[in-house]
Amino acid sequence: MDLKKRRKILEKKKTIHDLIKRASSSDDPLSPFDSFRRYRRNDLSLYLESGRGDRLSSSVKQYIRNLLKTNMEGFYGSGWPIQAKVKRKEMSSADAHYIFVRELRFGKAYETSTRRACMEECNQIAGFVHYRFTLEEEIPVLYVYEIQLESRVQGKGLGEFLMQLIELIASKNRMSAIVLTVLTSNAFAMSFYMTKLGYRISSISPSKANLPTFSAKYEILCKTFDSEAKFVLENDEEPTKN
């Protein structure tokens, strides 16, 4: 490899590294999207706030564990205890970003979107999204680790609303794709992402990786935003050359 080509590769890697670092260091990725902080549809009155894995209170950690158990234990079955340990470790990482969905105690409109206002007028958490800015196959991506909602707020358009917000956050931080993992046994989630939101099974998903023994019970889905990400994560046509 000639020196010029090697320098170009190293510069590209540094640019991507700086991109991930800058996105990950943000305290509040929701700040550019104040209009998305409120959700008032289908008899729901909710407020969204940001969180970080290394700053979670003990009560919030317990809430996350409980909701994960309620929503996911049935899908994992006997494998849940192992998965629960993995998820407990993941949730407290400094790289973990959260969107917390809180129920408004009062019906009146907010005059401010500060954390203090939310703590004064919000009731309990009704769900959360756990996501990270990371690399997949050297592509900068926003990886959705979890989107978990209480049963009382499901089926009212909130999941689609949150995923629209995730796309805005990914775009604002110049991520090339959104990636997430779905259990194949969760038919509703598979349909939600693929049919309703237009996600595709990634070329890095176990079912497409040509493994000698395919026994994975999940698929990796993606939505790409540029030609290089599309080529790498969907194994599609050659990326457009600049």
# chains A, B, ... in the order shown; residues from 1 in each chain; ligands from 1

call {"tool": "closest_atom_pairs", "arguments": {"of": "stretch 175-241 of chain A", "to": "stretch 146-158 of chain A", "cutoff": "12 Å", "atoms": "only C-alpha atoms", "output": "JSON lines"}}
result
{"residue": "A:Val179", "atom": "CA", "partner": "A:Glu146", "partner_atom": "CA", "distance": 11.2}
{"residue": "A:Leu180", "atom": "CA", "partner": "A:Glu146", "partner_atom": "CA", "distance": 8.3}
{"residue": "A:Thr181", "atom": "CA", "partner": "A:Glu146", "partner_atom": "CA", "distance": 8.7}
{"residue": "A:Val182", "atom": "CA", "partner": "A:Glu146", "partner_atom": "CA", "distance": 9.5}
{"residue": "A:Leu183", "atom": "CA", "partner": "A:Glu146", "partner_atom": "CA", "distance": 11.7}
{"residue": "A:Phe188", "atom": "CA", "partner": "A:Gly155", "partner_atom": "CA", "distance": 11.1}
{"residue": "A:Ala189", "atom": "CA", "partner": "A:Ile147", "partner_atom": "CA", "distance": 10.3}
{"residue": "A:Phe192", "atom": "CA", "partner": "A:Gly155", "partner_atom": "CA", "distance": 11.1}
{"residue": "A:Tyr193", "atom": "CA", "partner": "A:Ile147", "partner_atom": "CA", "distance": 11.8}
{"residue": "A:Lys196", "atom": "CA", "partner": "A:Gly157", "partner_atom": "CA", "distance": 11.5}

call {"tool": "write_last_selection", "arguments": {"atoms": "N, CA, C and O atoms", "output": "mmCIF file, in the first residue's frame"}}
result
data_model
loop_
_atom_site.group_PDB
_atom_site.id
_atom_site.type_symbol
_atom_site.label_atom_id
_atom_site.label_comp_id
_atom_site.auth_asym_id
_atom_site.auth_seq_id
_atom_site.Cartn_x
_atom_site.Cartn_y
_atom_site.Cartn_z
ATOM 1 N N VAL A 179 -28.783 0.619 13.609
ATOM 2 C CA VAL A 179 -28.703 -0.841 13.695
ATOM 3 C C VAL A 179 -29.390 -1.290 14.976
ATOM 4 O O VAL A 179 -29.338 -0.594 15.999
ATOM 5 N N LEU A 180 -30.050 -2.429 14.930
ATOM 6 C CA LEU A 180 -30.693 -2.976 16.122
ATOM 7 C C LEU A 180 -30.832 -4.485 15.986
ATOM 8 O O LEU A 180 -30.711 -5.030 14.887
ATOM 9 N N THR A 181 -31.058 -5.133 17.097
ATOM 10 C CA THR A 181 -31.190 -6.587 17.141
ATOM 11 C C THR A 181 -32.601 -6.956 17.583
ATOM 12 O O THR A 181 -33.127 -6.378 18.537
ATOM 13 N N VAL A 182 -33.209 -7.903 16.885
ATOM 14 C CA VAL A 182 -34.569 -8.345 17.215
ATOM 15 C C VAL A 182 -34.591 -9.864 17.311
ATOM 16 O O VAL A 182 -34.036 -10.553 16.439
ATOM 17 N N LEU A 183 -35.216 -10.381 18.349
ATOM 18 C CA LEU A 183 -35.385 -11.827 18.472
ATOM 19 C C LEU A 183 -36.349 -12.320 17.398
ATOM 20 O O LEU A 183 -37.395 -11.717 17.174
ATOM 21 N N PHE A 188 -44.048 -9.566 16.342
ATOM 22 C CA PHE A 188 -44.572 -8.200 16.302
ATOM 23 C C PHE A 188 -43.460 -7.202 16.051
ATOM 24 O O PHE A 188 -43.592 -6.289 15.221
ATOM 25 N N ALA A 189 -42.334 -7.351 16.764
ATOM 26 C CA ALA A 189 -41.216 -6.421 16.605
ATOM 27 C C ALA A 189 -40.612 -6.525 15.207
ATOM 28 O O ALA A 189 -40.284 -5.510 14.582
ATOM 29 N N PHE A 192 -42.928 -4.728 12.922
ATOM 30 C CA PHE A 192 -42.892 -3.295 13.208
ATOM 31 C C PHE A 192 -41.709 -2.631 12.509
ATOM 32 O O PHE A 192 -41.860 -1.619 11.812
ATOM 33 N N TYR A 193 -40.520 -3.210 12.673
ATOM 34 C CA TYR A 193 -39.326 -2.600 12.098
ATOM 35 C C TYR A 193 -39.250 -2.768 10.584
ATOM 36 O O TYR A 193 -38.929 -1.817 9.863
ATOM 37 N N LYS A 196 -43.324 -1.721 8.841
ATOM 38 C CA LYS A 196 -43.799 -0.364 9.116
ATOM 39 C C LYS A 196 -42.710 0.691 8.973
ATOM 40 O O LYS A 196 -42.958 1.790 8.460
#

call {"tool": "residues_around", "arguments": {"residues": "stretch 167-169 of chain A", "least_positions_apart": "6", "cutoff": "12 Å", "atoms": "only C-alpha atoms", "output": "VMD selection string"}}
result
chain A and resid 23 to 24 26 28 to 36 50 97 to 99 131 to 133 141 to 144 160 to 161 175 to 179 197 199 222 to 225

call {"tool": "residues_around", "arguments": {"residues": "A:Ala94", "least_positions_apart": "4", "cutoff": "10 Å", "atoms": "only C-alpha atoms", "output": "tab-separated table (two decimals) with all heavy atoms, in the first residue's frame"}}
result
chain	number	residue	atom	x	y	z
A	24	SER	N	-20.90	10.63	21.38
A	24	SER	CA	-21.03	9.92	22.65
A	24	SER	C	-20.88	10.84	23.85
A	24	SER	O	-21.40	10.54	24.93
A	24	SER	CB	-19.97	8.80	22.74
A	24	SER	OG	-20.17	7.85	21.71
A	25	SER	N	-20.17	11.95	23.69
A	25	SER	CA	-19.92	12.85	24.81
A	25	SER	C	-21.08	13.80	25.10
A	25	SER	O	-21.07	14.52	26.10
A	25	SER	CB	-18.65	13.66	24.56
A	25	SER	OG	-18.81	14.51	23.45
A	52	ARG	N	-27.95	9.03	31.00
A	52	ARG	CA	-26.69	8.36	30.70
A	52	ARG	C	-26.53	7.16	31.61
A	52	ARG	O	-26.89	7.20	32.79
A	52	ARG	CB	-25.50	9.30	30.91
A	52	ARG	CG	-25.43	10.47	29.96
A	52	ARG	CD	-25.07	10.04	28.55
A	52	ARG	NE	-23.75	9.48	28.48
A	52	ARG	CZ	-22.66	10.20	28.16
A	52	ARG	NH1	-22.77	11.50	27.91
A	52	ARG	NH2	-21.48	9.61	28.11
A	53	GLY	N	-25.96	6.08	31.09
A	53	GLY	CA	-25.86	4.85	31.85
A	53	GLY	C	-25.06	4.95	33.12
A	53	GLY	O	-25.37	4.28	34.11
A	54	ASP	N	-24.02	5.79	33.13
A	54	ASP	CA	-23.19	5.91	34.32
A	54	ASP	C	-23.72	6.93	35.32
A	54	ASP	O	-23.08	7.23	36.32
A	54	ASP	CB	-21.75	6.28	33.93
A	54	ASP	CG	-21.68	7.55	33.09
A	54	ASP	OD1	-22.72	8.00	32.59
A	54	ASP	OD2	-20.56	8.08	32.91
A	55	ARG	N	-24.94	7.46	35.05
A	55	ARG	CA	-25.54	8.44	35.95
A	55	ARG	C	-26.93	8.04	36.42
A	55	ARG	O	-27.70	8.86	36.89
A	55	ARG	CB	-25.61	9.81	35.25
A	55	ARG	CG	-24.26	10.33	34.78
A	55	ARG	CD	-24.39	11.59	33.98
A	55	ARG	NE	-23.14	11.96	33.34
A	55	ARG	CZ	-22.99	12.96	32.47
A	55	ARG	NH1	-24.04	13.70	32.16
A	55	ARG	NH2	-21.81	13.21	31.92
A	90	GLU	N	-24.79	-3.92	30.64
A	90	GLU	CA	-24.90	-2.97	29.53
A	90	GLU	C	-25.54	-1.66	29.96
A	90	GLU	O	-25.13	-0.59	29.53
A	90	GLU	CB	-25.73	-3.58	28.40
A	90	GLU	CG	-25.06	-4.70	27.64
A	90	GLU	CD	-25.99	-5.33	26.61
A	90	GLU	OE1	-27.22	-5.10	26.67
A	90	GLU	OE2	-25.47	-6.06	25.75
A	132	ARG	N	-26.66	3.65	21.59
A	132	ARG	CA	-25.25	4.05	21.66
A	132	ARG	C	-24.75	4.48	20.28
A	132	ARG	O	-25.28	4.04	19.26
A	132	ARG	CB	-24.37	2.89	22.15
A	132	ARG	CG	-24.79	2.33	23.49
A	132	ARG	CD	-23.79	1.33	24.01
A	132	ARG	NE	-24.28	0.64	25.18
A	132	ARG	CZ	-23.55	-0.12	25.98
A	132	ARG	NH1	-22.27	-0.30	25.70
A	132	ARG	NH2	-24.07	-0.71	27.03

call {"tool": "atom_distance", "arguments": {"atom1": "atom CA of A:Leu48", "atom2": "atom CA of A:Tyr63"}}
result
16.1 Å

call {"tool": "select_by_dssp", "arguments": {"residues": "stretch 75-237 of chain A", "states": "alpha helix (DSSP H)", "output": "count of residues only"}}
result
49

call {"tool": "select_by_dssp", "arguments": {"residues": "stretch 131-227 of chain A", "states": "strand (DSSP E or B)", "output": "JSON, numbers by chain"}}
result
{"A": [131, 132, 133, 134, 135, 136, 139, 140, 141, 142, 143, 144, 145, 146, 147, 148, 149, 177, 178, 179, 180, 181, 182, 183, 200, 201, 218, 219, 220, 221, 222, 223, 224]}

call {"tool": "closest_residue", "arguments": {"among": "A:Ser202, A:Asn235, A:Asn186, A:Ser191", "to": "A:Asn71", "atoms": "only C-alpha atoms"}}
result
A:Asn186
